[in-house]
>>> print(open('work_32.pdb').read())   # PDB, C-alpha atoms
ATOM      1  CA  ALA A  38      15.001  18.264   5.098
ATOM      2  CA  ASP A  39      15.702  21.895   5.684
ATOM      3  CA  ALA A  40      19.436  21.822   4.973
ATOM      4  CA  LEU A  41      21.909  21.461   2.126
ATOM      5  CA  TYR A  42      25.482  20.306   2.831
ATOM      6  CA  MET A  43      28.571  21.267   0.826
ATOM      7  CA  PHE A  44      31.947  19.559   1.314
ATOM      8  CA  GLY A  45      35.420  20.525   0.130
ATOM      9  CA  GLY A  46      36.224  21.831  -3.308
ATOM     10  CA  THR A  47      39.011  24.064  -4.469
ATOM     11  CA  THR A  48      39.769  27.753  -4.517
ATOM     12  CA  GLY A  49      43.244  27.115  -5.869
ATOM     13  CA  GLN A  50      43.812  25.362  -2.539
ATOM     14  CA  LEU A  51      42.048  22.051  -1.879
ATOM     15  CA  LEU A  52      39.521  22.093   0.964
ATOM     16  CA  ASN A  53      37.911  19.570   3.316
ATOM     17  CA  ASP A  54      35.606  21.905   5.183
ATOM     18  CA  LEU A  55      31.851  21.331   5.492
ATOM     19  CA  TRP A  56      29.151  23.956   5.181
ATOM     20  CA  MET A  57      25.400  23.762   5.802
ATOM     21  CA  TYR A  58      22.807  25.989   4.157
ATOM     22  CA  THR A  59      19.499  26.197   6.044
ATOM     23  CA  PHE A  60      16.615  26.975   3.717
ATOM     24  CA  SER A  61      14.294  28.369   6.402
ATOM     25  CA  THR A  62      16.853  30.974   7.543
ATOM     26  CA  ARG A  63      18.645  31.344   4.187
ATOM     27  CA  MET A  64      21.973  31.235   6.003
ATOM     28  CA  TRP A  65      25.258  29.344   5.590
ATOM     29  CA  LEU A  66      27.021  27.858   8.625
ATOM     30  CA  GLN A  67      30.477  26.304   8.639
ATOM     31  CA  VAL A  68      29.933  23.061  10.577
ATOM     32  CA  HIS A  69      33.416  21.594  10.154
ATOM     33  CA  ARG A  70      36.564  23.647   9.673
ATOM     34  CA  PRO A  71      39.354  22.650   7.256
ATOM     35  CA  ARG A  72      41.791  20.102   8.666
ATOM     36  CA  PRO A  73      45.293  19.164   7.495
ATOM     37  CA  ALA A  74      45.473  16.284   5.011
ATOM     38  CA  SER A  75      47.355  14.302   7.692
ATOM     39  CA  ASP A  76      44.318  14.358  10.043
ATOM     40  CA  THR A  77      42.820  10.848   9.777
ATOM     41  CA  SER A  78      39.597  11.810  11.609
ATOM     42  CA  THR A  79      38.250  13.628   8.571
ATOM     43  CA  PRO A  80      38.238  13.090   4.789
ATOM     44  CA  ARG A  81      41.308  14.371   2.975
ATOM     45  CA  PRO A  82      40.875  17.588   0.980
ATOM     46  CA  ARG A  83      39.329  16.945  -2.447
ATOM     47  CA  PHE A  84      36.980  18.120  -5.170
ATOM     48  CA  SER A  85      34.640  16.411  -7.670
ATOM     49  CA  ILE A  86      32.981  14.093  -5.139
ATOM     50  CA  ILE A  87      29.786  12.046  -5.021
ATOM     51  CA  ALA A  88      27.513  12.941  -2.096
ATOM     52  CA  GLY A  89      24.220  11.840  -0.585
ATOM     53  CA  PHE A  90      22.175  11.918   2.602
ATOM     54  CA  TYR A  91      21.165   8.847   4.615
ATOM     55  CA  SER A  92      18.675   8.899   7.501
ATOM     56  CA  GLN A  93      19.643   6.596  10.373
ATOM     57  CA  GLY A  94      17.040   6.782  13.115
ATOM     58  CA  SER A  95      17.106  10.313  14.499
ATOM     59  CA  ASP A  96      20.554  10.926  12.992
ATOM     60  CA  GLY A  97      21.304  12.095   9.501
ATOM     61  CA  LEU A  98      24.474  11.014   7.718
ATOM     62  CA  PHE A  99      25.946  13.184   4.973
ATOM     63  CA  LEU A 100      27.941  10.776   2.764
ATOM     64  CA  ILE A 101      30.858  11.533   0.448
ATOM     65  CA  SER A 102      32.914   9.301  -1.805
ATOM     66  CA  THR A 103      35.456   9.502  -4.645
ATOM     67  CA  GLY A 104      37.086  12.752  -5.765
ATOM     68  CA  GLU A 105      40.469  14.189  -6.676
ATOM     69  CA  GLY A 106      43.020  15.370  -4.143
ATOM     70  CA  ASP A 107      46.401  17.040  -4.209
ATOM     71  CA  ARG A 108      48.903  16.016  -6.928
ATOM     72  CA  LYS A 109      46.360  13.947  -8.910
ATOM     73  CA  VAL A 110      45.565  11.590  -6.006
ATOM     74  CA  PHE A 111      42.163   9.934  -6.574
ATOM     75  CA  PHE A 112      39.868   8.463  -3.917
ATOM     76  CA  ASN A 113      37.479   5.525  -3.531
ATOM     77  CA  ASP A 114      36.867   5.848   0.207
ATOM     78  CA  ILE A 115      33.460   6.602   1.734
ATOM     79  CA  TRP A 116      32.876   8.891   4.713
ATOM     80  CA  ALA A 117      29.783   9.729   6.785
ATOM     81  CA  PHE A 118      29.281  12.992   8.667
ATOM     82  CA  ASN A 119      26.808  12.558  11.521
ATOM     83  CA  THR A 120      24.720  15.732  11.542
ATOM     84  CA  THR A 121      23.840  15.257  15.239
ATOM     85  CA  SER A 122      27.269  14.484  16.742
ATOM     86  CA  ARG A 123      29.075  16.494  14.008
ATOM     87  CA  LEU A 124      31.737  13.810  13.694
ATOM     88  CA  TRP A 125      33.162  12.148  10.572
ATOM     89  CA  THR A 126      33.474   8.352  10.319
ATOM     90  CA  GLU A 127      35.209   6.456   7.527
ATOM     91  CA  LEU A 128      32.922   3.585   6.525
ATOM     92  CA  PRO A 129      34.252   0.074   5.777
ATOM     93  CA  SER A 130      35.547  -0.428   2.231
ATOM     94  CA  ARG A 131      34.610  -4.024   1.453
ATOM     95  CA  GLY A 132      32.804  -5.868  -1.288
ATOM     96  CA  ASP A 133      33.117  -4.627  -4.874
ATOM     97  CA  VAL A 134      35.118  -1.505  -3.977
ATOM     98  CA  PRO A 135      35.307   0.893  -6.941
ATOM     99  CA  THR A 136      38.627   1.950  -8.411
ATOM    100  CA  GLU A 137      39.805   5.393  -7.269
ATOM    101  CA  ARG A 138      38.330   8.147  -9.438
ATOM    102  CA  TYR A 139      37.012  11.674  -9.790
ATOM    103  CA  GLY A 140      34.402  13.215 -12.077
ATOM    104  CA  ALA A 141      31.921  10.399 -11.489
ATOM    105  CA  ALA A 142      28.148  10.777 -11.515
ATOM    106  CA  GLY A 143      26.045   9.459  -8.672
ATOM    107  CA  GLY A 144      23.984  10.106  -5.590
ATOM    108  CA  MET A 145      21.479   8.417  -3.303
ATOM    109  CA  HIS A 146      19.033   5.953  -4.811
ATOM    110  CA  ILE A 147      15.368   6.728  -4.292
ATOM    111  CA  ASN A 148      15.189   3.918  -1.674
ATOM    112  CA  GLY A 149      17.518   6.037   0.485
ATOM    113  CA  THR A 150      19.934   3.224   1.391
ATOM    114  CA  ALA A 151      22.335   3.132  -1.575
ATOM    115  CA  LEU A 152      24.942   5.694  -2.664
ATOM    116  CA  TYR A 153      25.618   5.144  -6.379
ATOM    117  CA  VAL A 154      28.888   5.855  -8.214
ATOM    118  CA  THR A 155      29.057   5.537 -11.988
ATOM    119  CA  HIS A 156      31.672   6.361 -14.610
ATOM    120  CA  GLY A 157      34.449   8.864 -13.844
ATOM    121  CA  PHE A 158      38.166   9.234 -14.555
ATOM    122  CA  SER A 159      41.656   8.716 -13.143
ATOM    123  CA  ASN A 160      44.451   7.734 -15.498
ATOM    124  CA  ARG A 161      41.673   6.160 -17.605
ATOM    125  CA  ARG A 162      37.915   6.461 -18.186
ATOM    126  CA  PHE A 163      35.444   4.272 -16.294
ATOM    127  CA  SER A 164      32.032   3.018 -17.413
ATOM    128  CA  ASP A 165      31.171   0.818 -14.432
ATOM    129  CA  THR A 166      28.464   1.340 -11.808
ATOM    130  CA  VAL A 167      28.591   0.394  -8.126
ATOM    131  CA  TYR A 168      26.662   1.392  -5.024
ATOM    132  CA  TYR A 169      27.396   1.448  -1.313
ATOM    133  CA  ASP A 170      24.695  -0.461   0.559
ATOM    134  CA  MET A 171      24.202   1.380   3.865
ATOM    135  CA  THR A 172      22.265  -1.549   5.371
ATOM    136  CA  ARG A 173      25.072  -4.068   4.681
ATOM    137  CA  MET A 174      27.965  -1.541   4.820
ATOM    138  CA  ARG A 175      29.579  -2.777   1.602
ATOM    139  CA  TRP A 176      30.053  -1.929  -2.068
ATOM    140  CA  VAL A 177      27.976  -3.832  -4.649
ATOM    141  CA  GLU A 178      28.748  -3.945  -8.381
ATOM    142  CA  VAL A 179      25.788  -3.272 -10.684
ATOM    143  CA  PHE A 180      27.562  -3.034 -14.023
ATOM    144  CA  ALA A 181      31.161  -3.998 -14.765
ATOM    145  CA  GLY A 182      31.597  -1.433 -17.523
ATOM    146  CA  ALA A 183      31.952  -3.614 -20.589
ATOM    147  CA  ASN A 184      30.699  -0.871 -22.909
ATOM    148  CA  LYS A 185      33.362   1.327 -24.463
ATOM    149  CA  TYR A 186      33.095   4.925 -23.307
ATOM    150  CA  SER A 187      32.498   7.475 -26.045
ATOM    151  CA  ASN A 188      33.006  11.167 -25.398
ATOM    152  CA  THR A 189      30.893  12.006 -28.455
ATOM    153  CA  GLU A 190      27.730  10.190 -27.318
ATOM    154  CA  PRO A 191      25.147  11.518 -24.833
ATOM    155  CA  HIS A 192      25.515  10.501 -21.177
ATOM    156  CA  PRO A 193      22.140   9.749 -19.549
ATOM    157  CA  ARG A 194      21.682  11.058 -16.002
ATOM    158  CA  CYS A 195      18.374  11.746 -14.389
ATOM    159  CA  LEU A 196      17.591  13.436 -11.080
ATOM    160  CA  LEU A 197      14.247  13.041  -9.349
ATOM    161  CA  GLY A 198      14.267  15.715  -6.654
ATOM    162  CA  SER A 199      17.715  15.226  -5.153
ATOM    163  CA  THR A 200      17.960  11.536  -6.101
ATOM    164  CA  LEU A 201      19.800   9.901  -9.004
ATOM    165  CA  VAL A 202      17.449   7.485 -10.819
TER     166      VAL A 202
END
>>> encode(input="work_32.pdb", output="structure tokens")
Amino acid sequence: ADALYMFGGTTGQLLNDLWMYTFSTRMWLQVHRPRPASDTSTPRPRFSIIAGFYSQGSDGLFLISTGEGDRKVFFNDIWAFNTTSRLWTELPSRGDVPTERYGAAGGMHINGTALYVTHGFSNRRFSDTVYYDMTRMRWVEVFAGANKYSNTEPHPRCLLGSTLV
């Protein structure tokens, strides 16, 4: 893949724009302009998301989930940006849907079909792990989070290339 995608964030104002960096040209391109939070055809403005990339035939899907929006609103939705059609689609939220959160760790599994979400915060701390199965279009719980979270202990996270393992 020759591109890196960057969604949303905050500059003091929450954003829901989408940018693409092309490594071969070393250039940024805005591929989706900011939209009002009331626009239901695009994800609401947010920061602190989980993202991944899923290949679907000749199309690529840039996936986002979770995050924090305006006035401490937290998200558990999942959206796919089709890099060919340049359209957003909200994916079905069924199965073991995670609780709304921000500050989670995650990313695409090495098999390329599962977007993982683990830990995070809202009005409490989470220690569970779920993934969105792109082949079955549903959330699957891996770990219910029975361990008590400790902010003084190390938090294992490992990236292999651009993949959470």
>>> resolve_selection(input="work_32.pdb", expression="the PyMOL selection byres ((chain A and resi 161) around 12)", output="list in words")
Phe111, Thr136, Glu137, Arg138, Tyr139, Gly140, His156, Gly157, Phe158, Ser159, Asn160, Arg162, Phe163, Ser164, Lys185 and Tyr186 of chain A
>>> resolve_selection(input="work_32.pdb", expression="the PyMOL selection byres ((chain A and resi 170) around 12)", output="ChimeraX atom specification")
/A:91,100,115,128-134,145-146,148-154,167-169,171-179
>>> closest_residue(input="work_32.pdb", among="A:Thr120, A:Thr126, A:Ser95, A:Thr155", to="Leu55 (chain A)", atoms="all atoms listed in the file")
A:Thr120
>>> atom_distance(input="work_32.pdb", atom1="CA of Arg83 (chain A)", atom2="CA of Glu105 (chain A)")
5.2 Å
>>> closest_residue(input="work_32.pdb", among="A:Ala40, A:Asn53, A:His69, A:Ile101", to="Arg81 (chain A)", atoms="only C-alpha atoms")
A:Asn53
>>> resolve_selection(input="work_32.pdb", expression="the PyMOL selection byres ((chain A and resi 45-48) around 9)", output="VMD selection string")
chain A and resid 43 to 44 49 to 56 71 81 to 86
>>> atom_distance(input="work_32.pdb", atom1="CA of Met57 (chain A)", atom2="CA of Phe99 (chain A)")
10.6 Å
>>> atom_distance(input="work_32.pdb", atom1="CA of Ala88 (chain A)", atom2="CA of Trp116 (chain A)")
9.6 Å
>>> closest_residue(input="work_32.pdb", among="A:Ala181, A:Val110, A:Leu98, A:Ile87", to="Gly144 (chain A)", atoms="all atoms listed in the file")
A:Ile87
>>> closest_residue(input="work_32.pdb", among="A:Gly97, A:Pro73, A:Pro80, A:Gly89", to="Ala142 (chain A)", atoms="all atoms listed in the file")
A:Gly89
